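Trainee: Pasting a structure here, questions to come.
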Amino acid sequence: MERLMQYVWQHRLWLQSDMHTVDGRRVQVIDPGLLNTDAGPDFFNAKISIDGRLWAGNVEIHVKASDWFRHGHDRDDAYESVILHVVDRDDAVVRRHDGEVIPQLRMPCAEDLNIHYTRLLSSACADLPCAAHISGMPQVQLCSWITSLAYERLYEKTDRIDQLLQRFAGDWEQACYITLARCLGFGKNNDAFERLALSVPLAFVRKHADNPQAVEALLFGQAGFLEGTLPDEYSRGLKREYDFLCTKFGLRRPESLGWKMARMRPATFPMRRIALLAALLGDDGFRMLQRIVNITDIDSACRLFMPELSNYWRTRYNFGTATQTALASMSRSSALIVVINVVVPLMLAYGNARSDTSLTDRAVELLQSIPAEHNSITDMFAAAGITVRDAFTSQALIQLRRQYCEQRKCLYCRIGHRMLSTAAIRRNQ
């Protein structure tokens, strides 16, 4: 409730005709101030007229006036500059240290506002409580919000790359390697793949890049898939090679990486994705970054992540029994996911690092040229009236669902804001 009150104050959604202090003085808000997310009063540098007298200072908001004492503000000098105490329930009088009463306002809000807000927050995560309002939102506002969300998601990915660059002293290939490995987890095994890649330094891989079996041995051994009884001579050979390399490099295998295989299609088994990573690493010692920044179209981007696998893995999903037909290293739909999550963010991060706007523009254009992803999230928003044209839009909707809907940050979503502010405007009229 207090967060809703802060939102109402920040966005001027109160009923102006009823703005009076509890002792009857008329209040006019000239500037609501700046929202403070740290310690201290809720809003800094507000400007308020009380019965025609101008006040400048801070504003504190509470559900109950007595919360002033419960939170210890009466003993905190930081609250001496409060010029207005905004409350829902007027159950106490608050004063400054010298005994002067701080003006107090019961903020009147539209009844619909709290109803809509409660509805937004109380709905189950699988629901989209604002669905009925999306179709009525002006297209220019909706397009603007989708664009902001898409860039927000892109820059979250580039921030992860920047963190890797800091960790590895600006080594772009190492950052590219970790980013690619994480993506090959395809959601369920992202963390496990990232921990695997971190446990196998790229420098070790490059020493044996001309030996595909050695690269596979490093990865499968560190992943924990060469333990116990192995089904064939190939896997036992990898085990012997891994034992040698483990001693040579002083490797320590990570404790349980938490691999997930339940309800997964064979093509997405982690063993097969590790074989794909090995093929990409063993190609030329993994000199991937320059290839990525030179990409200009979707087809060449997809081909980059669809290499020929070793003979053993061309007909297997796991160690053991072979299939009767050869298998593609990766489907085009899976390759497009890699392009979305690896190529585009790396191209954008590299362009930003070098102030190369042609490269950053190409990264965004590439994302806009990729067909939209189809999943439960995009289907949900499409049913609510949003046209999902391309991957730029589908990525925006994933960001909206993950970072706003599921975390119940409706107050910070432009759709939720319009839904609430429309209720307040109707009441004011």
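In the structure tokens, chains take letters A, B, ... by order of appearance, with residues numbered from 1 within each chain and ligands from 1 in the order shown.
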Can you list every residue in stretch 17-226 of chain A that DSSP puts in alpha helix (DSSP H), as a ChimeraX atom specification?
Mentor: /A:67-70,111-122,131-134,139-167,172-183,190-199,202-207,212-223
Trainee: Can you pull out every residue within 10 Å of A:Pro254, counting only C-alpha atoms, but drop anything in the same chain fewer than 6 positions away, and send it as a list in words?
Mentor: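 In the requested format, the answer is Ala192, Arg195, Leu196, Leu198, Ser199, Gln222, Ala223 and Gly224 of chain A.
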Trainee: Can you list, as a JSON list (two decimals) with N, CA, C and O atoms, in the first residue's frame, every protein, DNA or RNA residue that comes within 12 Å of A:Phe69 when you count only C-alpha atoms, leaving out same-chain residues fewer than 6 positions away?
Mentor:
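Result saved to around-v4.json:
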```json
[["chain", "number", "residue", "atom", "x", "y", "z"],
["A", 62, "HIS", "N", 3.41, 7.48, 4.58],
["A", 62, "HIS", "CA", 3.14, 6.29, 5.38],
["A", 62, "HIS", "C", 1.69, 5.87, 5.21],
["A", 62, "HIS", "O", 0.82, 6.71, 4.95],
["A", 75, "ARG", "N", 13.27, 10.30, 15.98],
["A", 75, "ARG", "CA", 14.61, 10.37, 16.56],
["A", 75, "ARG", "C", 15.70, 10.54, 15.50],
["A", 75, "ARG", "O", 16.88, 10.44, 15.81],
["A", 76, "ASP", "N", 15.29, 10.80, 14.28],
["A", 76, "ASP", "CA", 16.24, 10.85, 13.16],
["A", 76, "ASP", "C", 16.27, 12.26, 12.58],
["A", 76, "ASP", "O", 15.26, 12.78, 12.10],
["A", 79, "TYR", "N", 14.86, 13.57, 9.10],
["A", 79, "TYR", "CA", 13.44, 13.86, 8.84],
["A", 79, "TYR", "C", 13.02, 15.24, 9.36],
["A", 79, "TYR", "O", 11.85, 15.58, 9.31],
["A", 91, "ASP", "N", -3.80, 8.72, 12.30],
["A", 91, "ASP", "CA", -3.97, 8.21, 13.67],
["A", 91, "ASP", "C", -2.92, 8.76, 14.65],
["A", 91, "ASP", "O", -2.79, 8.25, 15.77],
["A", 92, "ALA", "N", -2.18, 9.80, 14.23],
["A", 92, "ALA", "CA", -1.18, 10.39, 15.14],
["A", 92, "ALA", "C", -0.77, 11.76, 14.61],
["A", 92, "ALA", "O", -0.95, 12.07, 13.43],
["A", 93, "VAL", "N", -0.23, 12.58, 15.53],
["A", 93, "VAL", "CA", 0.32, 13.89, 15.17],
["A", 93, "VAL", "C", 1.84, 13.77, 15.23],
["A", 93, "VAL", "O", 2.39, 13.22, 16.19],
["A", 94, "VAL", "N", 2.53, 14.26, 14.20],
["A", 94, "VAL", "CA", 3.99, 14.18, 14.19],
["A", 94, "VAL", "C", 4.57, 15.59, 14.30],
["A", 94, "VAL", "O", 4.00, 16.56, 13.81],
["A", 95, "ARG", "N", 5.72, 15.67, 14.96],
["A", 95, "ARG", "CA", 6.35, 16.97, 15.23],
["A", 95, "ARG", "C", 7.84, 16.90, 14.93],
["A", 95, "ARG", "O", 8.45, 15.83, 14.96],
["A", 96, "ARG", "N", 8.41, 18.08, 14.71],
["A", 96, "ARG", "CA", 9.86, 18.19, 14.62],
["A", 96, "ARG", "C", 10.43, 18.20, 16.04],
["A", 96, "ARG", "O", 9.70, 18.24, 17.03]]
```
Trainee: Give the answer as one residue: which of A:Phe193, A:Trp68, A:Tyr317, A:Phe305 has the shortest atom-to-atom distance to A:Ile102, using only C-alpha atoms?
Mentor: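 Counting only C-alpha atoms, the residue closest to A:Ile102 is A:Trp68.
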Trainee: Can you work out which one of A:Tyr177, A:Tyr350, A:Phe269, A:Trp55 has the shortest atom-to-atom distance to A:Met330, counting only C-alpha atoms?
Mentor: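 Nearest to A:Met330: A:Phe269.
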Trainee: With a distance cut-off of 7 Å and only C-alpha atoms, select the neighbouring residues of stretch 415-418 of chain A, excluding the residue or stretch itself and same-chain residues fewer than 4 positions from it, and output the selection as a list of chain:residue names.
Mentor: A:Cys130, A:Ile134, A:Cys410, A:Leu411, A:Thr422
Trainee: Nearest residue to A:Ser148 out of A:Ile48, A:Cys413, A:Cys183, A:Leu420, using only C-alpha atoms?
Mentor: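 Ranked by minimum distance to A:Ser148, first place goes to A:Cys413.
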Trainee: Taking only C-alpha atoms into account, which of A:Gln6, A:Gln403, A:Thr296, A:Gln213 comes nearest A:Ser369?
Mentor: A:Thr296
Trainee: One decimal, in Å: what's the spacing between atom CA of A:Ala322 and atom CA of A:Arg273?
Mentor: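 Atom CA of A:Arg273 lies at a distance of 16.3 Å from atom CA of A:Ala322.
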Trainee: Could you check which of A:Pro266, A:Tyr151, A:Val63, A:Thr321 is closest to A:Leu230, using only C-alpha atoms?
Mentor: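 Smallest separation from A:Leu230 among the options: A:Thr321.
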Trainee: Would you pick out the contacts of A:Ser331 at 10 Å or less, using only C-alpha atoms, so that residues sharing its chain but fewer than 5 positions from it are not included, and give the list as a ChimeraX atom specification?
Mentor: /A:267,302,305-306,336
Trainee: Pick out the residues sitting within 10 Å of A:Met261, and hand them over as a list in words; count only C-alpha atoms, and ignore anything fewer than 5 positions along from it in its own chain.
Mentor: Lys188, Asn189, Pro266, Thr268, Phe269, Pro270 and Met271 of chain A
Trainee: In terms of the shortest atom-to-atom distance over only C-alpha atoms, which of A:Gln399, A:Ser49, A:Gln166, A:Ser17 is closest to A:Val29?
Mentor: A:Ser49
Trainee: Considering only C-alpha atoms, return as a PyMOL selection string whatever protein or nucleic-acid residues lie within 9 Å of A:Asp243, sequence-local ones (same chain, fewer than 5 positions apart) excluded.
Mentor: chain A and resi 217+221+238+248
Trainee: For atom CA of A:Gln395 and atom CA of A:Ile274, determine how far apart the two atoms are, in Å to one decimal place.
Mentor: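 Atom-to-atom, atom CA of A:Gln395 to atom CA of A:Ile274, that is 25.7 Å.
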